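**Q** If it helps, the file is called run_35.txt and holds compact mmCIF, C-alpha atoms:
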# COMPACT_ATOMS: atom_id res chain seq x y z
CA MET Z 1 97.67 85.13 99.92
CA SER Z 2 100.54 87.56 100.21
CA LEU Z 3 100.97 91.17 99.34
CA ALA Z 4 102.20 92.22 95.95
CA SER Z 5 105.96 92.15 95.79
CA SER Z 6 106.42 95.93 95.93
CA SER Z 7 104.12 96.22 98.94
CA ALA Z 8 105.81 93.29 100.66
CA VAL Z 9 109.18 95.01 100.31
CA SER Z 10 107.70 98.19 101.76
CA LEU Z 11 106.24 96.27 104.67
CA ALA Z 12 109.57 94.62 105.37
CA ASP Z 13 111.45 97.91 105.13
CA LEU Z 14 109.04 99.66 107.48
CA ALA Z 15 109.13 96.77 109.94
CA ARG Z 16 112.93 96.85 110.02
CA SER Z 17 113.26 100.60 110.37
CA HIS Z 18 110.34 101.12 112.76
CA THR Z 19 109.94 98.13 115.04
CA GLU Z 20 107.24 99.98 116.97
CA TRP Z 21 105.04 99.88 113.86
CA ARG Z 22 105.08 96.10 113.47
CA PRO Z 23 101.72 95.51 115.20
CA TRP Z 24 99.96 97.97 112.93
CA LEU Z 25 101.78 96.63 109.86
CA ALA Z 26 100.38 93.20 110.70
CA VAL Z 27 96.90 94.70 110.63
CA LEU Z 28 97.57 96.43 107.29
CA GLU Z 29 98.79 93.16 105.82
CA ILE Z 30 95.62 91.24 106.62
CA VAL Z 31 93.51 94.15 105.37
CA THR Z 32 95.31 93.92 102.04
CA GLU Z 33 94.71 90.18 101.93
CA ALA Z 34 91.01 90.63 102.72
CA VAL Z 35 90.65 93.15 99.89
CA GLY Z 36 91.60 90.36 97.50
CA ASP Z 37 88.55 88.28 98.49
CA ARG Z 38 86.12 88.73 95.59
CA ALA Z 39 83.20 87.75 97.83
CA TRP Z 40 82.97 91.35 99.03
CA ARG Z 41 81.78 92.38 95.57
CA LEU Z 42 78.55 90.45 96.13
CA ALA Z 43 77.60 92.87 98.90
CA VAL Z 44 77.66 95.93 96.64
CA PRO Z 45 74.31 97.14 95.25
CA GLU Z 46 73.73 99.11 92.10
CA PRO Z 47 74.82 102.69 92.79
CA ALA Z 48 72.45 105.60 93.05
CA PRO Z 49 72.34 108.02 90.11
CA PRO Z 50 75.49 110.18 90.03
CA SER Z 51 75.29 113.29 92.18
CA ASP Z 52 77.39 116.43 92.25
CA VAL Z 53 77.08 116.58 96.06
CA ALA Z 54 76.33 113.20 97.65
CA PRO Z 55 78.87 110.33 97.65
CA LEU Z 56 77.68 107.20 95.89
CA LEU Z 57 77.62 105.35 99.23
CA ALA Z 58 75.06 107.77 100.70
CA GLY Z 59 71.88 105.92 101.64
CA ALA Z 60 73.13 102.58 100.31
CA THR Z 61 72.48 99.25 101.99
CA LEU Z 62 75.37 96.80 101.67
CA THR Z 63 74.65 93.11 102.14
CA PRO Z 64 77.79 91.06 102.82
CA ASP Z 65 77.40 87.39 103.63
CA ALA Z 66 77.13 86.85 107.40
CA ARG Z 67 79.85 84.19 107.34
CA LEU Z 68 82.19 86.56 105.50
CA VAL Z 69 81.54 89.30 108.08
CA ARG Z 70 82.12 86.84 110.94
CA ARG Z 71 85.33 85.44 109.47
CA TRP Z 72 86.74 88.87 108.68
CA GLY Z 73 85.71 90.50 111.96
CA ARG Z 74 87.22 87.72 114.05
CA ARG Z 75 90.46 87.67 112.12
CA LEU Z 76 90.86 91.43 112.33
CA LEU Z 77 90.09 91.59 116.04
CA ASP Z 78 92.31 88.60 116.83
CA THR Z 79 95.19 90.20 114.93
CA ALA Z 80 94.71 93.47 116.81
CA ALA Z 81 94.57 91.56 120.09
CA SER Z 82 97.82 89.77 119.26
CA ALA Z 83 99.36 93.15 118.49
CA GLY Z 84 98.70 94.37 122.01
CA ALA Z 85 95.02 95.31 122.27
CA THR Z 86 94.34 92.12 124.23
CA ALA Z 87 90.83 93.12 125.31
CA LEU Z 88 89.70 92.86 121.70
CA ALA Z 89 90.13 89.08 121.81
CA GLY Z 90 86.81 88.86 123.63
CA VAL Z 91 85.11 91.08 121.07
CA ALA Z 92 86.25 88.70 118.34
CA ARG Z 93 83.80 86.14 119.75
CA ALA Z 94 80.87 88.55 119.68
CA ASP Z 95 77.68 87.57 117.86
CA ASP Z 96 77.12 88.24 114.18
CA ASP Z 97 74.94 91.30 114.81
CA THR Z 98 77.69 92.96 116.84
CA LEU Z 99 80.33 92.25 114.19
CA ALA Z 100 78.03 93.67 111.51
CA GLU Z 101 77.44 96.75 113.69
CA LEU Z 102 81.18 97.23 114.05
CA LEU Z 103 81.49 97.09 110.26
CA GLU Z 104 78.68 99.61 109.81
CA CYS Z 105 80.16 102.02 112.38
CA GLY Z 106 83.41 102.02 110.44
CA LEU Z 107 81.61 102.39 107.14
CA VAL Z 108 79.87 105.62 108.18
CA GLN Z 109 82.71 106.83 110.46
CA ASP Z 110 80.40 107.30 113.43
CA GLY Z 111 82.70 107.95 116.41
CA ALA Z 112 79.82 108.28 118.89
CA ARG Z 113 78.47 104.85 117.96
CA VAL Z 114 81.94 103.34 118.22
CA SER Z 115 82.32 104.78 121.74
CA ALA Z 116 78.89 103.45 122.75
CA LEU Z 117 79.73 100.04 121.30
CA ALA Z 118 83.06 100.00 123.15
CA THR Z 119 81.30 100.80 126.44
CA ARG Z 120 78.81 98.01 125.84
CA LEU Z 121 81.60 95.55 125.08
CA GLY Z 122 83.83 96.71 127.94
CA VAL Z 123 86.84 97.75 125.85
CA GLU Z 124 88.74 100.99 125.32
CA PRO Z 125 87.08 103.21 122.68
CA GLU Z 126 90.50 104.06 121.19
CA ALA Z 127 91.39 100.41 120.62
CA LEU Z 128 88.01 99.55 119.13
CA GLY Z 129 88.07 102.74 117.08
CA ALA Z 130 91.40 101.83 115.46
CA VAL Z 131 90.00 98.47 114.36
CA THR Z 132 86.69 99.94 113.27
CA ALA Z 133 88.50 102.43 111.04
CA VAL Z 134 90.00 99.67 108.87
CA ALA Z 135 87.24 97.06 109.17
CA PRO Z 136 85.22 98.33 106.17
CA VAL Z 137 88.19 98.72 103.83
CA PRO Z 138 87.59 95.45 101.90
CA LEU Z 139 83.92 96.37 101.47
CA LEU Z 140 84.72 99.94 100.46
CA ARG Z 141 87.32 98.82 97.96
CA ALA Z 142 84.68 96.55 96.41
CA CYS Z 143 82.34 99.55 96.17
CA ALA Z 144 85.02 101.64 94.49
CA GLU Z 145 85.78 98.88 92.01
CA ARG Z 146 82.13 98.56 91.00
CA TRP Z 147 81.15 102.26 91.13
CA ARG Z 148 84.28 103.95 89.82
CA GLU Z 149 82.80 104.72 86.41
CA ARG Z 150 79.65 106.20 87.97
CA VAL Z 151 81.33 109.15 89.70
CA SER Z 152 79.98 112.44 88.40
CA PRO Z 153 82.49 114.17 86.09
CA ALA Z 154 81.42 117.44 87.74
CA TRP Z 155 82.60 116.29 91.20
CA SER Z 156 84.47 119.19 92.80
CA HIS Z 157 84.43 118.46 96.54
CA GLY Z 158 87.31 117.64 98.83
CA TYR Z 159 85.61 114.56 100.26
CA CYS Z 160 85.57 111.22 98.46
CA PRO Z 161 82.93 110.88 95.72
CA ILE Z 162 82.46 107.22 96.62
CA CYS Z 163 82.57 106.92 100.42
CA GLY Z 164 82.53 110.52 101.66
CA ALA Z 165 85.83 110.32 103.57
CA TRP Z 166 88.36 113.12 103.57
CA PRO Z 167 91.47 112.22 101.54
CA ALA Z 168 94.39 110.57 103.26
CA LEU Z 169 96.78 112.50 101.02
CA ALA Z 170 97.13 114.28 97.71
CA GLU Z 171 99.38 113.49 94.79
CA ALA Z 172 101.08 116.07 92.59
CA ARG Z 173 101.04 113.70 89.68
CA GLY Z 174 102.93 113.53 86.45
CA LEU Z 175 105.02 116.12 84.69
CA GLU Z 176 102.12 118.55 84.80
CA ARG Z 177 101.78 118.13 88.60
CA ALA Z 178 98.02 117.61 88.48
CA ARG Z 179 96.49 117.61 91.96
CA ARG Z 180 94.81 114.26 92.65
CA LEU Z 181 93.21 113.41 95.98
CA ARG Z 182 93.39 109.83 97.28
CA CYS Z 183 90.99 108.19 99.68
CA GLY Z 184 92.74 106.01 102.24
CA ARG Z 185 89.62 103.86 102.71
CA CYS Z 186 88.29 102.98 99.25
CA ALA Z 187 91.39 104.18 97.31
CA ALA Z 188 89.31 106.50 95.09
CA ASP Z 189 91.25 108.98 92.96
CA TRP Z 190 89.79 112.36 91.97
CA GLY Z 191 90.99 115.75 90.80
CA PHE Z 192 90.92 118.95 92.84
CA ALA Z 193 92.07 122.50 92.16
CA TRP Z 194 95.36 123.80 93.49
CA LEU Z 195 95.25 126.91 95.69
CA LYS Z 196 92.02 125.76 97.30
CA CYS Z 197 91.53 124.17 100.71
CA VAL Z 198 90.19 120.64 100.46
CA TYR Z 199 88.22 121.04 103.68
CA CYS Z 200 86.69 124.52 103.74
CA GLY Z 201 87.12 125.67 100.14
CA MET Z 202 89.28 128.69 101.04
CA ASP Z 203 90.90 130.02 97.85
CA ASP Z 204 92.65 133.12 99.18
CA HIS Z 205 96.29 132.32 98.49
CA ALA Z 206 97.37 134.55 101.39
CA ARG Z 207 95.66 132.14 103.79
CA LEU Z 208 96.97 128.96 102.18
CA GLY Z 209 100.43 127.78 103.14
CA ARG Z 210 102.85 124.92 102.91
CA LEU Z 211 105.20 123.06 105.19
CA VAL Z 212 108.05 122.10 102.89
CA CYS Z 213 110.33 119.11 103.29
CA ASP Z 214 114.05 119.92 103.04
CA GLN Z 215 114.36 117.31 100.26
CA ASP Z 216 111.75 119.10 98.14
CA ALA Z 217 113.59 120.43 95.13
CA ALA Z 218 111.12 123.27 94.62
CA GLY Z 219 111.61 124.51 98.15
CA GLU Z 220 109.08 127.29 97.73
CA ALA Z 221 106.38 128.26 100.18
CA SER Z 222 103.45 130.63 99.99
CA PRO Z 223 103.44 133.79 102.15
CA ALA Z 224 101.48 131.99 104.86
CA ALA Z 225 103.79 129.00 105.05
CA ALA Z 226 105.06 127.66 108.35
CA PRO Z 227 108.77 127.04 109.01
CA ARG Z 228 110.49 124.32 107.03
CA PHE Z 229 111.14 120.96 108.60
CA ALA Z 230 113.41 118.06 107.79
CA ARG Z 231 112.41 114.55 106.80
CA ALA Z 232 114.84 111.66 106.45
CA LEU Z 233 114.33 109.81 103.17
CA THR Z 234 115.90 106.45 102.53
CA PRO Z 235 117.50 105.75 99.13
CA ARG Z 236 114.64 103.37 98.36
CA ASP Z 237 111.93 105.91 99.14
CA PRO Z 238 109.83 106.45 95.99
CA ILE Z 239 108.69 109.89 97.14
CA ARG Z 240 110.53 112.56 95.16
CA SER Z 241 109.21 115.41 97.28
CA THR Z 242 106.78 115.80 100.14
CA THR Z 243 104.87 118.76 101.44
CA VAL Z 244 101.97 119.57 103.73
CA GLU Z 245 99.37 121.97 102.35
CA THR Z 246 97.86 124.11 105.12
CA CYS Z 247 94.90 126.46 105.54
CA LEU Z 248 94.82 129.31 108.04
CA ALA Z 249 91.02 129.59 107.76
CA CYS Z 250 90.12 126.14 109.10
CA ARG Z 251 93.59 125.15 110.40
CA GLY Z 252 93.44 122.01 108.30
CA TYR Z 253 96.34 120.25 106.58
CA LEU Z 254 96.81 117.66 103.87
CA LYS Z 255 99.95 115.73 102.97
CA THR Z 256 101.05 115.94 99.34
CA VAL Z 257 103.51 113.64 97.61
CA THR Z 258 104.97 114.08 94.14
CA THR Z 259 104.57 111.01 91.94
CA LEU Z 260 104.86 110.18 88.26
CA GLY Z 261 101.79 107.93 88.38
CA PRO Z 262 99.03 107.01 90.81
CA THR Z 263 100.05 105.17 93.96
CA PRO Z 264 98.68 101.59 93.79
CA ALA Z 265 95.63 101.13 96.00
CA ASP Z 266 97.31 98.48 98.16
CA GLU Z 267 100.21 100.83 98.94
CA LEU Z 268 98.20 103.87 100.09
CA GLY Z 269 98.09 102.72 103.71
CA LEU Z 270 101.83 102.13 103.71
CA LEU Z 271 102.49 105.52 102.12
CA ASP Z 272 100.30 107.21 104.71
CA LEU Z 273 102.22 105.46 107.48
CA ALA Z 274 105.64 106.11 105.92
CA THR Z 275 104.89 109.85 105.87
CA VAL Z 276 103.67 110.05 109.46
CA ASP Z 277 106.44 112.53 110.24
CA LEU Z 278 104.55 114.99 108.04
CA ASP Z 279 101.52 114.56 110.29
CA VAL Z 280 103.66 115.13 113.35
CA ALA Z 281 105.11 118.32 111.85
CA ALA Z 282 101.69 119.66 110.87
CA ILE Z 283 100.09 118.91 114.23
CA GLY Z 284 103.09 120.42 115.99
CA SER Z 285 102.51 123.58 113.96
CA GLY Z 286 98.91 123.83 115.11
CA TYR Z 287 97.09 122.16 112.20
CA SER Z 288 94.72 119.18 112.24
CA ARG Z 289 92.50 117.02 110.07
CA PRO Z 290 88.70 116.93 110.36
CA VAL Z 291 87.15 114.13 112.40
CA GLY Z 292 84.51 112.01 110.69
CA PRO Z 293 83.33 111.97 107.09
CA GLY Z 294 83.10 114.95 104.81
CA ALA Z 295 79.45 114.20 104.02
CA PRO Z 296 76.77 112.26 105.95
CA LEU Z 297 76.22 108.80 104.53
CA GLY Z 298 73.30 107.07 106.21
CA ALA Z 299 74.63 103.82 104.74
CA ARG Z 300 73.70 100.48 106.31
CA VAL Z 301 75.24 97.02 106.59
CA ARG Z 302 72.78 94.12 106.56
CA ALA Z 303 74.59 90.81 106.78
CA ARG Z 304 72.65 88.17 104.85
CA THR Z 305 72.40 84.47 105.48
CA GLY Z 306 71.99 81.72 102.94
CA GLY Z 307 75.47 81.59 101.47
CA LEU Z 308 77.49 83.71 99.11
CA LEU Z 309 75.48 82.79 96.04
CA SER Z 310 72.30 84.24 97.57
CA GLY Z 311 73.67 87.70 96.87
CA TRP Z 312 74.84 87.10 93.32
CA ARG Z 313 73.85 89.87 90.98
CA GLY Z 314 75.75 88.84 87.92
Let me see the structure of the file written as structure tokens.

**A**
Amino acid sequence: MSLASSSAVSLADLARSHTEWRPWLAVLEIVTEAVGDRAWRLAVPEPAPPSDVAPLLAGATLTPDARLVRRWGRRLLDTAASAGATALAGVARADDDTLAELLECGLVQDGARVSALATRLGVEPEALGAVTAVAPVPLLRACAERWRERVSPAWSHGYCPICGAWPALAEARGLERARRLRCGRCAADWGFAWLKCVYCGMDDHARLGRLVCDQDAAGEASPAAAPRFARALTPRDPIRSTTVETCLACRGYLKTVTTLGPTPADELGLLDLATVDLDVAAIGSGYSRPVGPGAPLGARVRARTGGLLSGWRG
């Protein structure tokens, strides 16, 4: 299976213009392929009743087939090992329980458990952490597909209503420039007020700022904005304008791109990577993103045996 044509072009363009990204692009490509495996849907339970506070994943037990977990975990780790993290090749041959634990650690974004697992396996926590971050994406995308219509219409938090992650970026969408947050893990899409910090809820406009790209036609910044910075856009770049929203209260930042419509789920990872210069600018200006999820999940992964049909729910 290959990526959709538009994503494939983006992958090729990024690989040509940033040869140092090729290893990570290889990982993103197999993640996109894994998302297309409908077997992940069999692991998704009925969602809890909609909540205005707790993500739908909170407290859930996901039951992917053990063979699916093994096949995916080994392929992901082998790809990462081929990309340079050679020590992960040994982890790819770990037992099924370890591979399921790796998937669960990524699902709940538990950095302490990832570090402990890395120590136990004798690999660098940073290398294992990078893999663990993307390992649950196929499972999370299956959750989003099944639970999308169950999100509470009253949801008003900055973290994802499905998986609890902080958004990878925001979209100023359509002619009305509606603010839509996008989860980089499950690809959820939800609305959020302008002039309000996604992370801490600060709504004092004097403490909210913006790093503005030189190509942004609006070119306006709030009183608290940091200095402008330049970003090189290629003629094929679909981003019409790019900014970084900042908060002086929590020192958080969030990338914002202007789009006419929602970014396709399979292209969110590429868009996040293609705008990495915005991250560099924000971090260089003293801002950061929160570590870990926005809400505790307590979710579990319990790999089941007996074949894919044993988990069929209709």

**Q** Which of these, Z:Val69, Z:Ala281, Z:Ala303, Z:Ala187, has the shortest distance to Z:Gly269 once you count only C-alpha atoms?

**A**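 Checking each candidate against Z:Gly269, we get Z:Ala187 as the closest.
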
**Q** Atom CA of Z:Cys105 and atom CA of Z:Gly73, how far apart in Å?

**A**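 Calculated distance between atom CA of Z:Gly73 and atom CA of Z:Cys105 is 12.8 Å.
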
**Q** When you draw a straight line from atom CA of Z:Val131 to atom CA of Z:Val280, how long is it in Å?

**A**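 For atom CA of Z:Val131 relative to atom CA of Z:Val280, the distance reads 21.6 Å.
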
**Q** Please identify all polymer residues within 7 Å of stretch 149-161 of chain Z, counting only C-alpha atoms, omitting same-chain residues fewer than 2 positions from it, and present them as a list of chain:residue names.

**A** Z:Pro50, Z:Ser51, Z:Asp52, Z:Pro55, Z:Leu56, Z:Trp147, Z:Cys163, Z:Gly164, Z:Ala165, Z:Trp166, Z:Pro167, Z:Cys183, Z:Ala188, Z:Phe192, Z:Val198, Z:Tyr199, Z:Gly294

**Q** Nearest to Z:His205: which of Z:Glu245, Z:Asp78, Z:Glu171, Z:Glu29 is it, counting all atoms listed in the file?

**A**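 For Z:His205, the nearest of the candidates is Z:Glu245.
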
**Q** Between atom CA of Z:Leu128 and atom CA of Z:Ala89, what is the spacing in Å?

**A**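 Rounded to one decimal, the two atoms are 11.0 Å apart.
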
**Q** Could you check which of Z:Gly184, Z:Gly59, Z:Pro125, Z:Pro136 is closest to Z:Leu270, using only C-alpha atoms?

**A**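 Once distances to Z:Leu270 are computed over only C-alpha atoms, the minimum belongs to Z:Gly184.
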